[in-house]
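Report on the following structure.
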Amino acid sequence: LENLTFLLSGKPITVKEQHIVSAANHPSGIRFCMGMLAKKIVRQGEDVMSSKAEAAFSFASVSLALWDNFPDFGKLLLAYFYEFCPLLAPHIPLARQDQADKDYYKALGYKYDDKGVIEKQDMYLKRMTGLARLFAAISASHKPQGSSTDHPLGPKTVWHYLSTLVNLKPVPDLTATLLLVMLEITGNMMIIRYKSQFFKLLLFIKSSYLPQLEAVKTDGGPTSRLDTFLTKILQDKRIDPPKGILPRGFVKKINL
């Protein structure tokens, strides 16, 4: 974290124990490094968190610490989240009449191979799950010790995200997938903050929005898992803290 902080501030850092480099040596060096780092961290959501959910919290804490010192880094981080998974905005790109199917599906976050074949739905949902895990982990993680700024993706942002998402036309399987991930990871924090109001939102999702998800599903898995989760939570009136979240004060602010 210290090396990354120094890199984005333009201070010299040692690479591979022998080379001293500084992003400030090039007029665009700091901006380039900031953009590249933000992109690489978000890509970890696709590549790592899609299989190892708990790994999201170490990346989340580092991201928050960098965001605390470099607000532009946070803006770039969000930009890549929204580019790779627009529904995290939440936003659903509209298909234009003159738009090719390939371009539209790319706008939704799908990938194509070198032969122009679109990825399978299960792989797409797996990548989106990983991105949502990292996004939610940043929301649920603590700011670095010594920070005096508000959390950039805290409870207010999560509430706005959830309430906006359930007012959008559901995307088959994807909306249910993102809802489940967000609730699993941020649910404990949201109950502590909003108490009964949050349970009212969960009840609305189950009674009014879940039928809409059922009506458009192509794979019953995501919607079924969301239904099971909501039923249990509304019955137990609790959501456990997410596994892997780092304790408050574990990461300290790097002062420049």
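Letters A, B, ... mark the chains of the structure tokens in the order given; residue numbers begin at 1 per chain; ligand numbers begin at 1, in order shown.
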
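Neighbours of A:Val251 closer than or equal to 7 Å, with only C-alpha atoms counted and sequence neighbours fewer than 2 positions away skipped, come out as Ser61, Pro144, Gln145, Gly249 and Lys253 of chain A.
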
Put those residues in a file: all heavy atoms, as a PDB file, in the first residue's frame.
```pdb
ATOM      1  N   SER A  61      -9.960  -2.834   0.831  1.00  0.00           N
ATOM      2  CA  SER A  61      -9.323  -1.963   1.819  1.00  0.00           C
ATOM      3  C   SER A  61      -8.197  -1.139   1.200  1.00  0.00           C
ATOM      4  O   SER A  61      -8.034   0.051   1.517  1.00  0.00           O
ATOM      5  CB  SER A  61      -8.795  -2.801   2.990  1.00  0.00           C
ATOM      6  OG  SER A  61      -9.866  -3.393   3.705  1.00  0.00           O
ATOM      7  N   PRO A 144      -9.599   3.642   5.961  1.00  0.00           N
ATOM      8  CA  PRO A 144      -8.333   3.458   6.692  1.00  0.00           C
ATOM      9  C   PRO A 144      -8.311   4.272   7.980  1.00  0.00           C
ATOM     10  O   PRO A 144      -8.897   5.357   8.054  1.00  0.00           O
ATOM     11  CB  PRO A 144      -7.286   3.956   5.688  1.00  0.00           C
ATOM     12  CG  PRO A 144      -8.035   4.877   4.776  1.00  0.00           C
ATOM     13  CD  PRO A 144      -9.402   4.294   4.655  1.00  0.00           C
ATOM     14  N   GLN A 145      -7.644   3.729   8.980  1.00  0.00           N
ATOM     15  CA  GLN A 145      -7.516   4.440  10.243  1.00  0.00           C
ATOM     16  C   GLN A 145      -6.775   5.755  10.013  1.00  0.00           C
ATOM     17  O   GLN A 145      -5.733   5.794   9.370  1.00  0.00           O
ATOM     18  CB  GLN A 145      -6.746   3.580  11.246  1.00  0.00           C
ATOM     19  CG  GLN A 145      -6.592   4.214  12.614  1.00  0.00           C
ATOM     20  CD  GLN A 145      -5.894   3.284  13.585  1.00  0.00           C
ATOM     21  OE1 GLN A 145      -6.132   2.092  13.609  1.00  0.00           O
ATOM     22  NE2 GLN A 145      -4.996   3.842  14.391  1.00  0.00           N
ATOM     23  N   GLY A 249      -9.390  -0.446  11.517  1.00  0.00           N
ATOM     24  CA  GLY A 249      -8.043  -0.099  11.936  1.00  0.00           C
ATOM     25  C   GLY A 249      -6.960  -0.997  11.384  1.00  0.00           C
ATOM     26  O   GLY A 249      -5.769  -0.747  11.612  1.00  0.00           O
ATOM     27  N   LYS A 253      -4.086   4.905   7.194  1.00  0.00           N
ATOM     28  CA  LYS A 253      -3.886   5.920   6.166  1.00  0.00           C
ATOM     29  C   LYS A 253      -2.403   6.215   5.996  1.00  0.00           C
ATOM     30  O   LYS A 253      -1.673   6.374   6.997  1.00  0.00           O
ATOM     31  CB  LYS A 253      -4.646   7.189   6.543  1.00  0.00           C
ATOM     32  CG  LYS A 253      -4.481   8.365   5.586  1.00  0.00           C
ATOM     33  CD  LYS A 253      -5.243   9.576   6.092  1.00  0.00           C
ATOM     34  CE  LYS A 253      -4.998  10.806   5.207  1.00  0.00           C
ATOM     35  NZ  LYS A 253      -5.585  10.639   3.863  1.00  0.00           N
TER      36      LYS A 253
END
```

>> From a backbone DSSP assignment, name each residue in stretch 90-153 of chain A labelled helix (DSSP H, G or I), as a PyMOL selection string.
In response: chain A and resi 101-107+121-140

Can I get the selected residues back with N, CA, C and O atoms, as a short mmCIF file (atom, residue, chain, number, x, y, z; two decimals), in the first residue's frame?
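As a result, again11.cif now contains:
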```cif
data_model
loop_
_atom_site.label_atom_id
_atom_site.label_comp_id
_atom_site.auth_asym_id
_atom_site.auth_seq_id
_atom_site.Cartn_x
_atom_site.Cartn_y
_atom_site.Cartn_z
N ASP A 101 -25.90 -6.30 -32.92
CA ASP A 101 -26.09 -7.09 -31.69
C ASP A 101 -24.79 -7.20 -30.90
O ASP A 101 -24.78 -7.10 -29.67
N LYS A 102 -23.68 -7.38 -31.61
CA LYS A 102 -22.38 -7.52 -30.95
C LYS A 102 -22.04 -6.28 -30.14
O LYS A 102 -21.59 -6.38 -28.99
N ASP A 103 -22.27 -5.12 -30.71
CA ASP A 103 -21.96 -3.88 -30.01
C ASP A 103 -22.86 -3.70 -28.79
O ASP A 103 -22.42 -3.20 -27.75
N TYR A 104 -24.12 -4.11 -28.92
CA TYR A 104 -25.04 -3.98 -27.78
C TYR A 104 -24.63 -4.90 -26.64
O TYR A 104 -24.60 -4.49 -25.48
N TYR A 105 -24.31 -6.14 -26.97
CA TYR A 105 -23.92 -7.07 -25.91
C TYR A 105 -22.59 -6.67 -25.27
O TYR A 105 -22.39 -6.88 -24.07
N LYS A 106 -21.71 -6.08 -26.05
CA LYS A 106 -20.48 -5.55 -25.46
C LYS A 106 -20.79 -4.44 -24.48
O LYS A 106 -20.14 -4.32 -23.43
N ALA A 107 -21.78 -3.62 -24.81
CA ALA A 107 -22.18 -2.53 -23.91
C ALA A 107 -22.73 -3.08 -22.60
O ALA A 107 -22.65 -2.42 -21.56
N GLN A 121 -23.32 -17.75 -21.14
CA GLN A 121 -24.02 -17.00 -20.10
C GLN A 121 -23.47 -17.28 -18.72
O GLN A 121 -23.36 -16.36 -17.89
N ASP A 122 -23.11 -18.53 -18.43
CA ASP A 122 -22.60 -18.84 -17.09
C ASP A 122 -21.27 -18.16 -16.82
O ASP A 122 -20.99 -17.71 -15.70
N MET A 123 -20.43 -18.01 -17.85
CA MET A 123 -19.15 -17.32 -17.68
C MET A 123 -19.38 -15.82 -17.49
O MET A 123 -18.69 -15.18 -16.70
N TYR A 124 -20.33 -15.30 -18.22
CA TYR A 124 -20.68 -13.87 -18.08
C TYR A 124 -21.16 -13.59 -16.67
O TYR A 124 -20.70 -12.63 -16.02
N LEU A 125 -22.07 -14.41 -16.17
CA LEU A 125 -22.60 -14.20 -14.82
C LEU A 125 -21.51 -14.38 -13.76
O LEU A 125 -21.51 -13.69 -12.73
N LYS A 126 -20.58 -15.28 -14.02
CA LYS A 126 -19.47 -15.49 -13.07
C LYS A 126 -18.60 -14.24 -12.98
O LYS A 126 -18.21 -13.81 -11.89
N ARG A 127 -18.31 -13.63 -14.13
CA ARG A 127 -17.49 -12.41 -14.12
C ARG A 127 -18.23 -11.26 -13.44
O ARG A 127 -17.65 -10.51 -12.66
N MET A 128 -19.51 -11.12 -13.76
CA MET A 128 -20.29 -10.05 -13.15
C MET A 128 -20.41 -10.25 -11.64
O MET A 128 -20.41 -9.27 -10.88
N THR A 129 -20.48 -11.51 -11.21
CA THR A 129 -20.52 -11.80 -9.77
C THR A 129 -19.25 -11.32 -9.10
O THR A 129 -19.28 -10.69 -8.03
N GLY A 130 -18.11 -11.58 -9.74
CA GLY A 130 -16.83 -11.14 -9.17
C GLY A 130 -16.73 -9.64 -9.08
O GLY A 130 -16.26 -9.08 -8.08
N LEU A 131 -17.17 -8.95 -10.12
CA LEU A 131 -17.15 -7.48 -10.10
C LEU A 131 -18.05 -6.94 -9.00
O LEU A 131 -17.69 -6.00 -8.28
N ALA A 132 -19.23 -7.53 -8.87
CA ALA A 132 -20.17 -7.08 -7.83
C ALA A 132 -19.62 -7.36 -6.43
O ALA A 132 -19.82 -6.56 -5.51
N ARG A 133 -18.91 -8.47 -6.27
CA ARG A 133 -18.31 -8.77 -4.96
C ARG A 133 -17.29 -7.72 -4.57
O ARG A 133 -17.25 -7.28 -3.42
N LEU A 134 -16.46 -7.32 -5.51
CA LEU A 134 -15.45 -6.31 -5.20
C LEU A 134 -16.12 -4.96 -4.93
O LEU A 134 -15.75 -4.25 -3.98
N PHE A 135 -17.10 -4.60 -5.74
CA PHE A 135 -17.83 -3.35 -5.55
C PHE A 135 -18.50 -3.32 -4.18
O PHE A 135 -18.41 -2.33 -3.44
N ALA A 136 -19.17 -4.42 -3.84
CA ALA A 136 -19.86 -4.50 -2.55
C ALA A 136 -18.87 -4.53 -1.39
O ALA A 136 -19.12 -3.96 -0.33
N ALA A 137 -17.73 -5.20 -1.59
CA ALA A 137 -16.71 -5.27 -0.54
C ALA A 137 -16.15 -3.88 -0.24
O ALA A 137 -15.88 -3.55 0.92
N ILE A 138 -15.97 -3.06 -1.27
CA ILE A 138 -15.51 -1.69 -1.04
C ILE A 138 -16.56 -0.93 -0.24
O ILE A 138 -16.24 -0.16 0.68
N SER A 139 -17.83 -1.15 -0.54
CA SER A 139 -18.91 -0.49 0.17
C SER A 139 -18.96 -0.88 1.64
O SER A 139 -19.24 -0.06 2.51
N ALA A 140 -18.71 -2.16 1.92
CA ALA A 140 -18.84 -2.68 3.28
C ALA A 140 -17.58 -2.53 4.12
O ALA A 140 -17.64 -2.62 5.35
#
```

Would you list the contacts of stretch 221-230 of chain A as a tab-separated table (two decimals) with all heavy atoms, in the first residue's frame, taking every protein, DNA or RNA residue within 8 Å and counting only C-alpha atoms, but skipping same-chain residues closer than 3 positions in sequence?
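File written: result.tsv
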```tsv
chain	number	residue	atom	x	y	z
A	173	ASP	N	-31.49	-12.86	-15.16
A	173	ASP	CA	-30.44	-13.51	-14.37
A	173	ASP	C	-29.43	-12.54	-13.75
A	173	ASP	O	-28.99	-12.74	-12.62
A	173	ASP	CB	-29.68	-14.56	-15.20
A	173	ASP	CG	-30.61	-15.59	-15.84
A	173	ASP	OD1	-31.67	-15.87	-15.25
A	173	ASP	OD2	-30.29	-16.07	-16.92
A	174	LEU	N	-29.05	-11.50	-14.48
A	174	LEU	CA	-28.02	-10.59	-13.98
A	174	LEU	C	-28.51	-9.75	-12.82
A	174	LEU	O	-27.81	-9.60	-11.81
A	174	LEU	CB	-27.52	-9.67	-15.11
A	174	LEU	CG	-26.45	-8.66	-14.70
A	174	LEU	CD1	-25.23	-9.37	-14.15
A	174	LEU	CD2	-26.08	-7.77	-15.88
A	176	ALA	N	-30.83	-10.41	-10.64
A	176	ALA	CA	-30.95	-11.27	-9.46
A	176	ALA	C	-29.57	-11.60	-8.88
A	176	ALA	O	-29.38	-11.61	-7.66
A	176	ALA	CB	-31.68	-12.56	-9.82
A	177	THR	N	-28.60	-11.82	-9.76
A	177	THR	CA	-27.24	-12.13	-9.32
A	177	THR	C	-26.62	-10.96	-8.55
A	177	THR	O	-26.06	-11.14	-7.46
A	177	THR	CB	-26.35	-12.46	-10.54
A	177	THR	OG1	-26.85	-13.64	-11.18
A	177	THR	CG2	-24.90	-12.71	-10.12
A	179	LEU	N	-28.17	-8.40	-7.11
A	179	LEU	CA	-28.92	-8.15	-5.89
A	179	LEU	C	-28.46	-9.07	-4.76
A	179	LEU	O	-28.24	-8.63	-3.63
A	179	LEU	CB	-30.42	-8.35	-6.14
A	179	LEU	CG	-31.27	-7.12	-6.43
A	179	LEU	CD1	-32.71	-7.54	-6.72
A	179	LEU	CD2	-31.22	-6.14	-5.27
A	180	LEU	N	-28.33	-10.35	-5.08
A	180	LEU	CA	-27.91	-11.31	-4.06
A	180	LEU	C	-26.53	-10.99	-3.52
A	180	LEU	O	-26.30	-10.98	-2.31
A	180	LEU	CB	-27.94	-12.73	-4.62
A	180	LEU	CG	-27.50	-13.85	-3.67
A	180	LEU	CD1	-28.37	-13.86	-2.41
A	180	LEU	CD2	-27.54	-15.20	-4.37
A	202	LEU	N	-36.27	-5.08	1.90
A	202	LEU	CA	-36.13	-6.50	1.58
A	202	LEU	C	-37.50	-7.13	1.31
A	202	LEU	O	-37.65	-7.95	0.40
A	202	LEU	CB	-35.43	-7.24	2.72
A	202	LEU	CG	-33.98	-6.83	3.01
A	202	LEU	CD1	-33.42	-7.69	4.14
A	202	LEU	CD2	-33.11	-6.95	1.77
A	203	LEU	N	-38.49	-6.76	2.11
A	203	LEU	CA	-39.84	-7.29	1.93
A	203	LEU	C	-40.41	-6.85	0.59
A	203	LEU	O	-41.08	-7.64	-0.11
A	203	LEU	CB	-40.74	-6.83	3.07
A	203	LEU	CG	-42.18	-7.37	3.06
A	203	LEU	CD1	-42.17	-8.90	3.14
A	203	LEU	CD2	-42.97	-6.78	4.23
A	206	LYS	N	-38.83	-8.97	-2.13
A	206	LYS	CA	-39.38	-10.34	-2.18
A	206	LYS	C	-40.81	-10.36	-2.70
A	206	LYS	O	-41.16	-11.20	-3.53
A	206	LYS	CB	-39.33	-10.98	-0.80
A	206	LYS	CG	-39.88	-12.41	-0.78
A	206	LYS	CD	-39.61	-13.12	0.50
A	206	LYS	CE	-40.29	-14.49	0.52
A	206	LYS	NZ	-39.84	-15.35	-0.61
A	210	LEU	N	-39.33	-9.67	-6.88
A	210	LEU	CA	-38.96	-11.05	-7.21
A	210	LEU	C	-39.86	-11.65	-8.29
A	210	LEU	O	-39.35	-12.35	-9.18
A	210	LEU	CB	-38.98	-11.91	-5.94
A	210	LEU	CG	-38.24	-13.24	-6.02
A	210	LEU	CD1	-36.75	-13.03	-6.29
A	210	LEU	CD2	-38.40	-14.03	-4.73
A	213	LEU	N	-38.46	-10.70	-11.53
A	213	LEU	CA	-37.25	-11.46	-11.85
A	213	LEU	C	-37.61	-12.86	-12.34
A	213	LEU	O	-36.99	-13.38	-13.27
A	213	LEU	CB	-36.36	-11.55	-10.61
A	213	LEU	CG	-35.80	-10.24	-10.06
A	213	LEU	CD1	-35.07	-10.48	-8.74
A	213	LEU	CD2	-34.88	-9.58	-11.06
A	214	GLU	N	-38.61	-13.46	-11.71
A	214	GLU	CA	-39.06	-14.79	-12.11
A	214	GLU	C	-39.59	-14.77	-13.54
A	214	GLU	O	-39.40	-15.72	-14.30
A	214	GLU	CB	-40.16	-15.28	-11.16
A	214	GLU	CG	-39.69	-15.68	-9.77
A	214	GLU	CD	-39.07	-17.06	-9.75
A	214	GLU	OE1	-39.08	-17.74	-10.80
A	214	GLU	OE2	-38.58	-17.46	-8.68
A	217	LYS	N	-36.48	-14.69	-16.08
A	217	LYS	CA	-35.31	-15.54	-15.88
A	217	LYS	C	-35.13	-16.53	-17.03
A	217	LYS	O	-36.10	-17.00	-17.64
A	217	LYS	CB	-35.42	-16.30	-14.56
A	217	LYS	CG	-36.50	-17.38	-14.54
A	217	LYS	CD	-36.56	-18.05	-13.18
A	217	LYS	CE	-37.62	-19.15	-13.18
A	217	LYS	NZ	-37.75	-19.79	-11.85
A	233	ILE	N	-33.60	-14.38	5.62
A	233	ILE	CA	-33.28	-13.13	6.30
A	233	ILE	C	-34.53	-12.52	6.92
A	233	ILE	O	-34.50	-12.02	8.05
A	233	ILE	CB	-32.63	-12.13	5.31
A	233	ILE	CG1	-31.30	-12.69	4.80
A	233	ILE	CG2	-32.42	-10.78	5.98
A	233	ILE	CD1	-30.38	-13.26	5.84
A	234	LEU	N	-35.62	-12.53	6.21
A	234	LEU	CA	-36.86	-11.97	6.73
A	234	LEU	C	-37.41	-12.78	7.90
A	234	LEU	O	-38.11	-12.24	8.75
A	234	LEU	CB	-37.90	-11.87	5.60
A	234	LEU	CG	-37.61	-10.81	4.55
A	234	LEU	CD1	-38.52	-10.96	3.34
A	234	LEU	CD2	-37.72	-9.40	5.14
```

>> Give me, as a PyMOL selection string, the residues of stretch 5-245 of chain A that a backbone DSSP run labels strand (DSSP E or B).
In response: chain A and resi 13-15+19-21+112+118+145

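Between atom CA of A:Lys237 and atom CA of A:Ser141 the separation is 21.9 Å.
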
What's around A:Met34 at 8 Å? Count only C-alpha atoms, leave out sequence neighbours fewer than 2 positions away in its own chain, and write the answer as a PDB file with C-alpha atoms, in the first residue's frame.
```pdb
ATOM      1  CA  LEU A   8       0.526   7.719  -7.387  1.00  0.00           C
ATOM      2  CA  ILE A  30       0.948   9.783 -12.666  1.00  0.00           C
ATOM      3  CA  ARG A  31      -2.307   9.841 -14.635  1.00  0.00           C
ATOM      4  CA  PHE A  32      -1.244   6.765 -16.599  1.00  0.00           C
ATOM      5  CA  MET A  36      -3.760   1.456 -15.048  1.00  0.00           C
ATOM      6  CA  LEU A  37      -3.927   0.621 -11.337  1.00  0.00           C
ATOM      7  CA  ALA A  38      -7.668   1.322 -11.145  1.00  0.00           C
ATOM      8  CA  PHE A  73      -8.315   7.286  -8.411  1.00  0.00           C
ATOM      9  CA  LEU A  76     -11.414   6.005 -12.303  1.00  0.00           C
TER      10      LEU A  76
END
```

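You can rank A:Ser51, A:Gln44, A:Ser9, A:Ser147 by their closest distance to A:Leu64 using only C-alpha atoms, and at the top of that list sits A:Ser147.
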
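We find atom CA of A:Thr218 and atom CA of A:Gln97 to be spaced 24.3 Å apart.
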
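Taking atom CA of A:Ile245 and atom CA of A:Lys52 as endpoints, the distance between them is 13.1 Å.
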
> Can you tell me, as an MDAnalysis selection string, what residues are no more than 12 Å from stretch 192-201 of chain A when counting only C-alpha atoms, ignoring any on the same chain fewer than 5 positions away?
Replying inline: chainID A and resid 140 154:156 158:160 162:167 183 186:187 206:209 230:241

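Of the residues listed (A:Met49, A:Leu4, A:Leu108, A:Ala100), A:Met49 shows the shortest atom-to-atom separation from A:Val181; distances use only C-alpha atoms.
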
>> Give me, as a PyMOL selection string, all polymer residues having an atom no more than 8 Å from stretch 109-112 of chain A, counting only C-alpha atoms and skipping those fewer than 4 positions away in the same chain.
In response: chain A and resi 83-86+105+116-119+124

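Closest to A:Asn255 among A:Pro90, A:Ala60, A:Ser148, A:Ser28 is A:Ser148, based on only C-alpha atoms.
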
>> Here is a test: counting only C-alpha atoms, which residue of A:Leu168, A:Val62, A:Leu178, A:Cys33 is nearest to A:Lys143?
In response: A:Val62
